[in-house]
Number of protein chains: 2
Amino acid sequence: MSPPVPTGLAPGAVLGILGGGQLARMMALAAADLGIRCHVFAPEADSPAFDVAARHTVADYEDEAALAGFAGAVDVVTYEFENVPAATAAFLAGRAPLHPGARALAVTQDRLSEKSFIAGLGLPVAPFRAVDSLADLEAAVAELGRPSVLKTRRFGYDGKGQVKIAAGSDLAEAHEAIGRFPAILEGFVPFVREVSVVAARGIDGAFAAFDVCENEHRDHILAFTHVPANLPAAAADAAIDAARQIGEALGYVGVFAVEMFVLEGKSGTNARIVINEIAPRVHNSGHWTSEGALTSQFHQHVRAVCGFPLGATARRGRIEMENLIGDAALRWREILAEPGAHLHLYGKRDARPGRKMGHVTRLVGEDK
Amino acid sequence: MSPPVPTGLAPGAVLGILGGGQLARMMALAAADLGIRCHVFAPEADSPAFDVAARHTVADYEDEAALAGFAGAVDVVTYEFENVPAATAAFLAGRAPLHPGARALAVTQDRLSEKSFIAGLGLPVAPFRAVDSLADLEAAVAELGRPSVLKTRRFGYDGKGQVKIAAGSDLAEAHEAIGRFPAILEGFVPFVREVSVVAARGIDGAFAAFDVCENEHRDHILAFTHVPANLPAAAADAAIDAARQIGEALGYVGVFAVEMFVLEGKSGTNARIVINEIAPRVHNSGHWTSEGALTSQFHQHVRAVCGFPLGATARRGRIEMENLIGDAALRWREILAEPGAHLHLYGKRDARPGRKMGHVTRLVGEDK
């Protein structure tokens, strides 16, 4: 009984955002540019996005009275994180347009559904097996070999909920380490680098991708993004085409990211991509677009979920994005003094280790 | 008894902004990028800047209790308009750092002080005479000739409070037309185009100007800005140097704009500039910097008033800015569909004629 999807709102409309972290904050800043007012819903009273939103609600995602009030006060709902509880999504979708929709959440919240979905499209993924017991794990390791990675099906991010199965790993210990939750085992992919495609799909089915970017992780957290990626044109085209197919199959509306591994032949030739995961939201690896593309991923997402035309995604120069994690944000004054660097701080009070406090984009060169 | 000027705040600080229009709104959006929280003070309950600020106060500029509460809740105060009442500025400056300072306001709020100040620096201005009576006006017109322009000394903007003295104009009528307020008569300047310099001065005296831009007015309101301006390098250098001298002489902190006329010799040679007026604030003719420069004027202003290092001002391509006035904002969907156009809407509810509703920046070319 979902209300009809609007073909488009107008400036002055109210965008509801679930989650109040930096992604919601940057979405709200972009929405303001387009004359859209934001209402942010988050459980934490000191949510960074509250400072830049016209309204906010502090409540749990399970609080139906609060959710009903929120849905009644907005014209469309979106979210900044993929772990929106299914019941919350369903509750909201019955009361206001929800973009991206419930299918995108269902597929991407569960690694088994996600991998099965990708493989079902005929797109390349790492070999995987469902693991619901230690016996499953033993069988899967026997099939996929070592090294391989055991990952919980749900609620994993930034390396949480996963454990590597190396040559000497004890499988029972590994199964304990992930809390014996339903999981999958993924076979080893001998990748040479990681890239992602950040793309958008409009309510009308229009598709627009940003240039493929290359990601450098440290301790399982994104540390740097470089654009353009070191990737031959054919592989880049394949990467973008994979994102297009994924967006279409999900009936997706909004910005999403597809993280991929790059594999190469022996002499560095025959680059090809293998899909790792899909994020149904704006993504850290798309932060470079704020200064590096004609339209930022945040503006693009707001355009898409409001039913506005998608913006041009052409790149403006060579760009580097550096995440400021924990204490790295203390370097703010030094970064401000750096010509061509653009600092983004998220307004978080405590610079805890591992916490994303901000990022910097740097224009590395004017050329393409 | 002003408190000492800080050498610099840190992210997390609170910026107080007087005025809640589009300039305050864009300042608040930039401040958020730098981790600065904003508290906006304005008399209108539906001020566009409130939607993107952490806090706001709705009160008159003469309300000392509200001003005291505001000053006590912020780390530094700035403003979006030059007509801040002198008593308000003095009241606030006694309680919190005020940037730009009282001198900048005093000089620029009065056209006679402003012209005298500019002429006193040895910089070129149109010939001018003080007009306090009809007799003064008659004497001034006899000296400066016709055409010339009679302008009230205070509270003029966008062509308000001024009347042209043409060949057949009746002087008594002209004097009535401006309400017989204290005024100046300005001699005719046969300019071929209008340009402006938007620049910043830091707490440490550092100076940084954006490229000179060319402005096209319609009905006395800025309609388009084109960057770079059609201006030979020597004249552009002189324009920027004039801005530097003005900033220094005012002990200025923050972004300011200097509007200038360009005069040419008979064959279009010997371009030189004549200074028209100074705006002690971010300026409509600097809106192109959001997409067209490495640092926007709004980020630059926040950097300056917080005591942060100034940002790089290098231009990124050839840029055009178009103001969306009144109904022009109804073209928003068409503009969103235009590749390379970046729409900025101010969140104002009524598109009254002559009201600035938003603007568009267009990347016209990648070259310098």
# chains A, B, ... in the order shown; residues from 1 in each chain; ligands from 1
$ interface_residues --of "chain B" --to "chain A" --cutoff "6 Å" --atoms "only C-alpha atoms" --output "PyMOL selection string"
chain B and resi 33-35+51-54+294+309+312+337+339-340+344-347
$ residues_around --residues "Ser133 in chain A" --least-positions-apart "5" --cutoff "9 Å" --atoms "only C-alpha atoms" --output "number ranges by chain"
A: 138, 175, 180-183
$ closest_residue --among "B:Thr289, B:Asn284, B:Asn215, B:Asn83" --to "Gln22 in chain B" --atoms "only C-alpha atoms"
B:Asn284
$ select_by_dssp --residues "range 148-257 of chain A" --states "strand (DSSP E)" --output "PyMOL selection string"
chain A and resi 148-152+162-165+183-187+193-201+207-209+213-218+221-227+254-257
$ write_last_selection --atoms "C-alpha atoms" --output "compact mmCIF listing (two decimals), in the first residue's frame"
# COMPACT_ATOMS: atom_id res chain seq x y z
CA SER A 148 39.68 -17.35 2.19
CA VAL A 149 37.54 -15.02 4.29
CA LEU A 150 34.66 -15.85 6.60
CA LYS A 151 32.17 -12.97 6.86
CA THR A 152 28.89 -12.61 8.77
CA GLN A 162 35.05 -10.96 9.27
CA VAL A 163 38.02 -13.21 9.80
CA LYS A 164 40.68 -14.50 7.45
CA ILE A 165 41.08 -18.23 7.04
CA ALA A 183 27.94 -16.25 7.36
CA ILE A 184 29.52 -16.81 3.99
CA LEU A 185 32.97 -17.98 3.03
CA GLU A 186 34.55 -16.08 0.18
CA GLY A 187 37.35 -17.50 -1.88
CA ARG A 193 44.07 -2.93 -6.40
CA GLU A 194 40.58 -1.88 -5.31
CA VAL A 195 38.34 0.47 -7.25
CA SER A 196 34.76 1.61 -7.00
CA VAL A 197 32.06 2.99 -9.20
CA VAL A 198 29.81 5.62 -7.64
CA ALA A 199 26.72 6.05 -9.78
CA ALA A 200 23.16 7.28 -9.69
CA ARG A 201 19.88 6.15 -11.10
CA PHE A 207 21.83 6.39 -15.19
CA ALA A 208 24.96 8.45 -14.58
CA ALA A 209 28.27 7.20 -13.21
CA CYS A 213 38.13 5.72 -8.58
CA GLU A 214 40.90 3.79 -6.91
CA ASN A 215 40.78 3.12 -3.19
CA GLU A 216 43.52 2.52 -0.67
CA HIS A 217 42.43 0.94 2.60
CA ARG A 218 44.32 0.84 5.90
CA ILE A 221 39.03 1.56 6.52
CA LEU A 222 39.24 3.68 3.40
CA ALA A 223 42.32 5.89 3.69
CA PHE A 224 42.72 7.41 0.21
CA THR A 225 40.82 7.64 -3.06
CA HIS A 226 42.63 8.53 -6.28
CA VAL A 227 40.86 9.58 -9.46
CA GLY A 254 19.56 7.42 -5.74
CA VAL A 255 23.34 7.18 -5.54
CA PHE A 256 25.04 3.87 -4.88
CA ALA A 257 28.57 2.52 -4.90
$ residues_around --residues "range 269-282 of chain A" --least-positions-apart "5" --cutoff "8 Å" --atoms "only C-alpha atoms" --output "PDB file with N, CA and C atoms, in the first residue's frame"
ATOM      1  N   LEU A  23      27.476  11.430   6.351  1.00  0.00           N
ATOM      2  CA  LEU A  23      26.860  11.299   5.026  1.00  0.00           C
ATOM      3  C   LEU A  23      25.547  12.068   4.992  1.00  0.00           C
ATOM      4  N   TYR A  79      18.189   7.541   3.285  1.00  0.00           N
ATOM      5  CA  TYR A  79      18.978   7.122   4.462  1.00  0.00           C
ATOM      6  C   TYR A  79      20.441   7.166   4.105  1.00  0.00           C
ATOM      7  N   GLU A  80      21.252   7.194   5.169  1.00  0.00           N
ATOM      8  CA  GLU A  80      22.695   7.297   4.952  1.00  0.00           C
ATOM      9  C   GLU A  80      23.416   5.994   5.224  1.00  0.00           C
ATOM     10  N   PHE A  81      22.694   4.953   5.621  1.00  0.00           N
ATOM     11  CA  PHE A  81      23.354   3.697   5.997  1.00  0.00           C
ATOM     12  C   PHE A  81      22.490   2.522   5.561  1.00  0.00           C
ATOM     13  N   GLU A  82      23.138   1.420   5.225  1.00  0.00           N
ATOM     14  CA  GLU A  82      22.414   0.297   4.638  1.00  0.00           C
ATOM     15  C   GLU A  82      21.758  -0.593   5.678  1.00  0.00           C
ATOM     16  N   PRO A 100      16.629   5.019  -1.659  1.00  0.00           N
ATOM     17  CA  PRO A 100      16.360   3.809  -2.427  1.00  0.00           C
ATOM     18  C   PRO A 100      15.338   2.930  -1.715  1.00  0.00           C
ATOM     19  N   ALA A 104      16.537  -2.736  -2.511  1.00  0.00           N
ATOM     20  CA  ALA A 104      17.971  -2.431  -2.440  1.00  0.00           C
ATOM     21  C   ALA A 104      18.504  -2.733  -1.046  1.00  0.00           C
ATOM     22  N   LEU A 105      17.712  -2.410  -0.031  1.00  0.00           N
ATOM     23  CA  LEU A 105      18.134  -2.697   1.340  1.00  0.00           C
ATOM     24  C   LEU A 105      18.202  -4.191   1.588  1.00  0.00           C
ATOM     25  N   THR A 108      21.243  -5.816  -0.172  1.00  0.00           N
ATOM     26  CA  THR A 108      22.589  -5.442   0.259  1.00  0.00           C
ATOM     27  C   THR A 108      22.841  -5.640   1.748  1.00  0.00           C
ATOM     28  N   GLU A 114      23.369 -10.629  -1.499  1.00  0.00           N
ATOM     29  CA  GLU A 114      24.095  -9.697  -2.354  1.00  0.00           C
ATOM     30  C   GLU A 114      24.944 -10.442  -3.395  1.00  0.00           C
ATOM     31  N   LYS A 115      25.732 -11.412  -2.902  1.00  0.00           N
ATOM     32  CA  LYS A 115      26.591 -12.170  -3.827  1.00  0.00           C
ATOM     33  C   LYS A 115      25.739 -12.970  -4.816  1.00  0.00           C
ATOM     34  N   ILE A 118      24.377 -10.618  -7.445  1.00  0.00           N
ATOM     35  CA  ILE A 118      25.402 -10.206  -8.423  1.00  0.00           C
ATOM     36  C   ILE A 118      25.715 -11.346  -9.380  1.00  0.00           C
ATOM     37  N   LEU A 123      27.465 -11.267 -13.429  1.00  0.00           N
ATOM     38  CA  LEU A 123      28.623 -10.408 -13.185  1.00  0.00           C
ATOM     39  C   LEU A 123      29.643 -11.156 -12.316  1.00  0.00           C
ATOM     40  N   PRO A 124      30.922 -10.821 -12.474  1.00  0.00           N
ATOM     41  CA  PRO A 124      31.964 -11.569 -11.759  1.00  0.00           C
ATOM     42  C   PRO A 124      31.994 -11.256 -10.264  1.00  0.00           C
ATOM     43  N   VAL A 125      31.940 -12.276  -9.439  1.00  0.00           N
ATOM     44  CA  VAL A 125      32.130 -12.134  -7.976  1.00  0.00           C
ATOM     45  C   VAL A 125      33.128 -13.194  -7.530  1.00  0.00           C
ATOM     46  N   ALA A 126      33.666 -13.003  -6.334  1.00  0.00           N
ATOM     47  CA  ALA A 126      34.527 -14.031  -5.751  1.00  0.00           C
ATOM     48  C   ALA A 126      33.673 -15.280  -5.510  1.00  0.00           C
ATOM     49  N   VAL A 198      30.903   4.923  -8.320  1.00  0.00           N
ATOM     50  CA  VAL A 198      29.813   5.620  -7.636  1.00  0.00           C
ATOM     51  C   VAL A 198      28.898   6.111  -8.759  1.00  0.00           C
ATOM     52  N   LEU A 231      43.427   2.047 -14.390  1.00  0.00           N
ATOM     53  CA  LEU A 231      42.573   0.990 -14.960  1.00  0.00           C
ATOM     54  C   LEU A 231      42.413   1.253 -16.453  1.00  0.00           C
ATOM     55  N   PRO A 232      42.666   0.233 -17.296  1.00  0.00           N
ATOM     56  CA  PRO A 232      42.481   0.441 -18.739  1.00  0.00           C
ATOM     57  C   PRO A 232      41.021   0.780 -19.057  1.00  0.00           C
ATOM     58  N   ALA A 235      38.358  -2.027 -19.029  1.00  0.00           N
ATOM     59  CA  ALA A 235      37.967  -2.505 -17.696  1.00  0.00           C
ATOM     60  C   ALA A 235      37.107  -1.451 -16.997  1.00  0.00           C
ATOM     61  N   ALA A 238      33.707  -1.727 -18.356  1.00  0.00           N
ATOM     62  CA  ALA A 238      33.042  -2.910 -17.810  1.00  0.00           C
ATOM     63  C   ALA A 238      32.568  -2.642 -16.390  1.00  0.00           C
ATOM     64  N   ALA A 239      33.376  -1.918 -15.623  1.00  0.00           N
ATOM     65  CA  ALA A 239      33.018  -1.603 -14.235  1.00  0.00           C
ATOM     66  C   ALA A 239      31.746  -0.752 -14.207  1.00  0.00           C
ATOM     67  N   GLY A 254      18.617   6.761  -6.635  1.00  0.00           N
ATOM     68  CA  GLY A 254      19.563   7.420  -5.743  1.00  0.00           C
ATOM     69  C   GLY A 254      20.988   7.099  -6.150  1.00  0.00           C
ATOM     70  N   VAL A 255      21.924   7.464  -5.285  1.00  0.00           N
ATOM     71  CA  VAL A 255      23.337   7.176  -5.536  1.00  0.00           C
ATOM     72  C   VAL A 255      23.699   5.862  -4.852  1.00  0.00           C
ATOM     73  N   PHE A 256      24.529   5.092  -5.492  1.00  0.00           N
ATOM     74  CA  PHE A 256      25.038   3.870  -4.878  1.00  0.00           C
ATOM     75  C   PHE A 256      26.486   3.675  -5.304  1.00  0.00           C
ATOM     76  N   ALA A 257      27.170   2.801  -4.566  1.00  0.00           N
ATOM     77  CA  ALA A 257      28.565   2.520  -4.897  1.00  0.00           C
ATOM     78  C   ALA A 257      28.737   1.029  -5.076  1.00  0.00           C
ATOM     79  N   VAL A 258      29.582   0.660  -6.029  1.00  0.00           N
ATOM     80  CA  VAL A 258      29.923  -0.741  -6.219  1.00  0.00           C
ATOM     81  C   VAL A 258      31.431  -0.857  -6.035  1.00  0.00           C
ATOM     82  N   GLU A 259      31.828  -1.569  -5.001  1.00  0.00           N
ATOM     83  CA  GLU A 259      33.253  -1.779  -4.744  1.00  0.00           C
ATOM     84  C   GLU A 259      33.723  -2.998  -5.513  1.00  0.00           C
ATOM     85  N   MET A 260      34.894  -2.880  -6.110  1.00  0.00           N
ATOM     86  CA  MET A 260      35.387  -3.946  -6.982  1.00  0.00           C
ATOM     87  C   MET A 260      36.876  -4.191  -6.751  1.00  0.00           C
ATOM     88  N   PHE A 261      37.282  -5.424  -7.058  1.00  0.00           N
ATOM     89  CA  PHE A 261      38.704  -5.753  -7.075  1.00  0.00           C
ATOM     90  C   PHE A 261      39.180  -5.724  -8.522  1.00  0.00           C
ATOM     91  N   VAL A 262      40.443  -5.354  -8.703  1.00  0.00           N
ATOM     92  CA  VAL A 262      41.044  -5.420 -10.038  1.00  0.00           C
ATOM     93  C   VAL A 262      42.056  -6.559 -10.053  1.00  0.00           C
ATOM     94  N   LEU A 263      41.900  -7.437 -11.012  1.00  0.00           N
ATOM     95  CA  LEU A 263      42.852  -8.540 -11.203  1.00  0.00           C
ATOM     96  C   LEU A 263      43.628  -8.282 -12.488  1.00  0.00           C
ATOM     97  N   GLU A 264      44.871  -8.720 -12.508  1.00  0.00           N
ATOM     98  CA  GLU A 264      45.677  -8.535 -13.717  1.00  0.00           C
ATOM     99  C   GLU A 264      46.335  -9.846 -14.109  1.00  0.00           C
ATOM    100  N   GLN A 297      28.393  13.759  -5.475  1.00  0.00           N
ATOM    101  CA  GLN A 297      27.516  12.604  -5.218  1.00  0.00           C
ATOM    102  C   GLN A 297      26.338  12.992  -4.328  1.00  0.00           C
ATOM    103  N   PHE A 298      26.541  13.994  -3.454  1.00  0.00           N
ATOM    104  CA  PHE A 298      25.469  14.387  -2.528  1.00  0.00           C
ATOM    105  C   PHE A 298      24.374  15.147  -3.280  1.00  0.00           C
ATOM    106  N   HIS A 301      22.536  12.579  -5.364  1.00  0.00           N
ATOM    107  CA  HIS A 301      21.593  11.756  -4.605  1.00  0.00           C
ATOM    108  C   HIS A 301      20.303  12.535  -4.333  1.00  0.00           C
TER     109      HIS A 301
END
$ select_by_dssp --residues "range 180-337 of chain A" --states "alpha helix (DSSP H)" --output "ChimeraX atom specification"
/A:233-250,289-292,297-306,332-336
$ residues_around --residues "Ala59 in chain A" --least-positions-apart "5" --cutoff "10 Å" --atoms "only C-alpha atoms" --output "ChimeraX atom specification"
/A:41-45,64-67
$ write_last_selection --atoms "all heavy atoms" --output "mmCIF file, in the first residue's frame"
data_model
loop_
_atom_site.group_PDB
_atom_site.id
_atom_site.type_symbol
_atom_site.label_atom_id
_atom_site.label_comp_id
_atom_site.auth_asym_id
_atom_site.auth_seq_id
_atom_site.Cartn_x
_atom_site.Cartn_y
_atom_site.Cartn_z
ATOM 1 N N PHE A 41 16.470 12.175 11.063
ATOM 2 C CA PHE A 41 15.984 11.268 12.114
ATOM 3 C C PHE A 41 17.156 10.401 12.561
ATOM 4 O O PHE A 41 17.720 9.654 11.754
ATOM 5 C CB PHE A 41 14.870 10.402 11.526
ATOM 6 C CG PHE A 41 14.147 9.519 12.519
ATOM 7 C CD1 PHE A 41 12.813 9.769 12.830
ATOM 8 C CD2 PHE A 41 14.781 8.437 13.135
ATOM 9 C CE1 PHE A 41 12.119 8.954 13.732
ATOM 10 C CE2 PHE A 41 14.099 7.626 14.042
ATOM 11 C CZ PHE A 41 12.762 7.883 14.339
ATOM 12 N N ALA A 42 17.537 10.512 13.819
ATOM 13 C CA ALA A 42 18.658 9.699 14.311
ATOM 14 C C ALA A 42 18.525 9.504 15.808
ATOM 15 O O ALA A 42 17.958 10.350 16.502
ATOM 16 C CB ALA A 42 19.989 10.366 13.971
ATOM 17 N N PRO A 43 19.063 8.412 16.325
ATOM 18 C CA PRO A 43 18.923 8.138 17.764
ATOM 19 C C PRO A 43 19.869 8.963 18.636
ATOM 20 O O PRO A 43 19.599 9.152 19.808
ATOM 21 C CB PRO A 43 19.286 6.644 17.884
ATOM 22 C CG PRO A 43 19.373 6.118 16.496
ATOM 23 C CD PRO A 43 19.644 7.273 15.604
ATOM 24 N N GLU A 44 20.979 9.455 18.078
ATOM 25 C CA GLU A 44 21.985 10.135 18.893
ATOM 26 C C GLU A 44 21.698 11.638 18.925
ATOM 27 O O GLU A 44 21.640 12.290 17.881
ATOM 28 C CB GLU A 44 23.400 9.899 18.340
ATOM 29 C CG GLU A 44 23.792 8.427 18.232
ATOM 30 C CD GLU A 44 23.265 7.756 16.970
ATOM 31 O OE1 GLU A 44 22.748 8.454 16.067
ATOM 32 O OE2 GLU A 44 23.353 6.507 16.895
ATOM 33 N N ALA A 45 21.623 12.188 20.144
ATOM 34 C CA ALA A 45 21.264 13.599 20.313
ATOM 35 C C ALA A 45 22.326 14.544 19.750
ATOM 36 O O ALA A 45 22.024 15.696 19.435
ATOM 37 C CB ALA A 45 21.036 13.905 21.788
ATOM 38 N N GLU A 64 7.842 3.645 16.540
ATOM 39 C CA GLU A 64 6.863 3.842 15.463
ATOM 40 C C GLU A 64 6.146 5.179 15.542
ATOM 41 O O GLU A 64 5.814 5.763 14.513
ATOM 42 C CB GLU A 64 5.863 2.680 15.426
ATOM 43 C CG GLU A 64 6.556 1.376 15.032
ATOM 44 C CD GLU A 64 5.623 0.330 14.449
ATOM 45 O OE1 GLU A 64 4.402 0.457 14.626
ATOM 46 O OE2 GLU A 64 6.136 -0.602 13.796
ATOM 47 N N ALA A 65 5.906 5.661 16.763
ATOM 48 C CA ALA A 65 5.245 6.969 16.880
ATOM 49 C C ALA A 65 6.150 8.048 16.279
ATOM 50 O O ALA A 65 5.697 8.917 15.518
ATOM 51 C CB ALA A 65 4.940 7.274 18.341
ATOM 52 N N ALA A 66 7.420 7.979 16.616
ATOM 53 C CA ALA A 66 8.366 8.970 16.091
ATOM 54 C C ALA A 66 8.504 8.833 14.574
ATOM 55 O O ALA A 66 8.543 9.829 13.839
ATOM 56 C CB ALA A 66 9.724 8.819 16.775
ATOM 57 N N LEU A 67 8.556 7.588 14.100
ATOM 58 C CA LEU A 67 8.675 7.357 12.655
ATOM 59 C C LEU A 67 7.448 7.891 11.921
ATOM 60 O O LEU A 67 7.566 8.489 10.835
ATOM 61 C CB LEU A 67 8.846 5.864 12.351
ATOM 62 C CG LEU A 67 10.183 5.229 12.742
ATOM 63 C CD1 LEU A 67 10.103 3.715 12.595
ATOM 64 C CD2 LEU A 67 11.342 5.789 11.904
#
$ residues_around --residues "Gln245 in chain B" --least-positions-apart "2" --cutoff "10 Å" --atoms "only C-alpha atoms" --output "VMD selection string"
chain B and resid 118 121 to 123 207 240 to 243 247 to 251
$ atom_distance --atom1 "CA of Gly72 in chain B" --atom2 "CA of Ile203 in chain B"
21.5 Å
$ closest_residue --among "B:Glu320, B:Val253, B:Ala119, B:Gly69" --to "Gln300 in chain B" --atoms "only C-alpha atoms"
B:Val253
$ atom_distance --atom1 "CA of Leu112 in chain B" --atom2 "CA of Arg355 in chain B"
27.8 Å
$ decode --residues "range 244-275 of chain B" --atoms "C-alpha atoms" --output "mmCIF file, in the first residue's frame"
data_model
loop_
_atom_site.group_PDB
_atom_site.id
_atom_site.type_symbol
_atom_site.label_atom_id
_atom_site.label_comp_id
_atom_site.auth_asym_id
_atom_site.auth_seq_id
_atom_site.Cartn_x
_atom_site.Cartn_y
_atom_site.Cartn_z
ATOM 1 C CA ARG B 244 44.660 45.437 -1.161
ATOM 2 C CA GLN B 245 45.174 49.091 -0.143
ATOM 3 C CA ILE B 246 41.540 49.431 0.912
ATOM 4 C CA GLY B 247 41.701 46.275 3.020
ATOM 5 C CA GLU B 248 44.858 47.432 4.740
ATOM 6 C CA ALA B 249 43.623 50.948 5.415
ATOM 7 C CA LEU B 250 40.455 49.539 6.991
ATOM 8 C CA GLY B 251 42.367 46.982 9.081
ATOM 9 C CA TYR B 252 39.850 44.663 7.484
ATOM 10 C CA VAL B 253 39.234 41.025 8.475
ATOM 11 C CA GLY B 254 37.013 38.935 6.210
ATOM 12 C CA VAL B 255 35.873 39.009 2.595
ATOM 13 C CA PHE B 256 34.964 42.273 0.912
ATOM 14 C CA ALA B 257 34.138 43.431 -2.580
ATOM 15 C CA VAL B 258 35.209 46.538 -4.431
ATOM 16 C CA GLU B 259 32.980 47.511 -7.335
ATOM 17 C CA MET B 260 34.696 49.421 -10.099
ATOM 18 C CA PHE B 261 34.019 51.058 -13.439
ATOM 19 C CA VAL B 262 36.280 50.442 -16.423
ATOM 20 C CA LEU B 263 37.084 53.397 -18.660
ATOM 21 C CA GLU B 264 38.782 53.101 -22.020
ATOM 22 C CA GLY B 265 40.492 55.408 -24.487
ATOM 23 C CA LYS B 266 38.924 56.033 -27.909
ATOM 24 C CA SER B 267 40.139 52.872 -29.597
ATOM 25 C CA GLY B 268 39.438 50.622 -26.642
ATOM 26 C CA THR B 269 42.954 51.028 -25.296
ATOM 27 C CA ASN B 270 44.319 52.431 -22.032
ATOM 28 C CA ALA B 271 41.761 50.693 -19.867
ATOM 29 C CA ARG B 272 41.747 52.058 -16.340
ATOM 30 C CA ILE B 273 39.520 51.582 -13.324
ATOM 31 C CA VAL B 274 37.532 53.998 -11.180
ATOM 32 C CA ILE B 275 36.278 52.756 -7.830
#
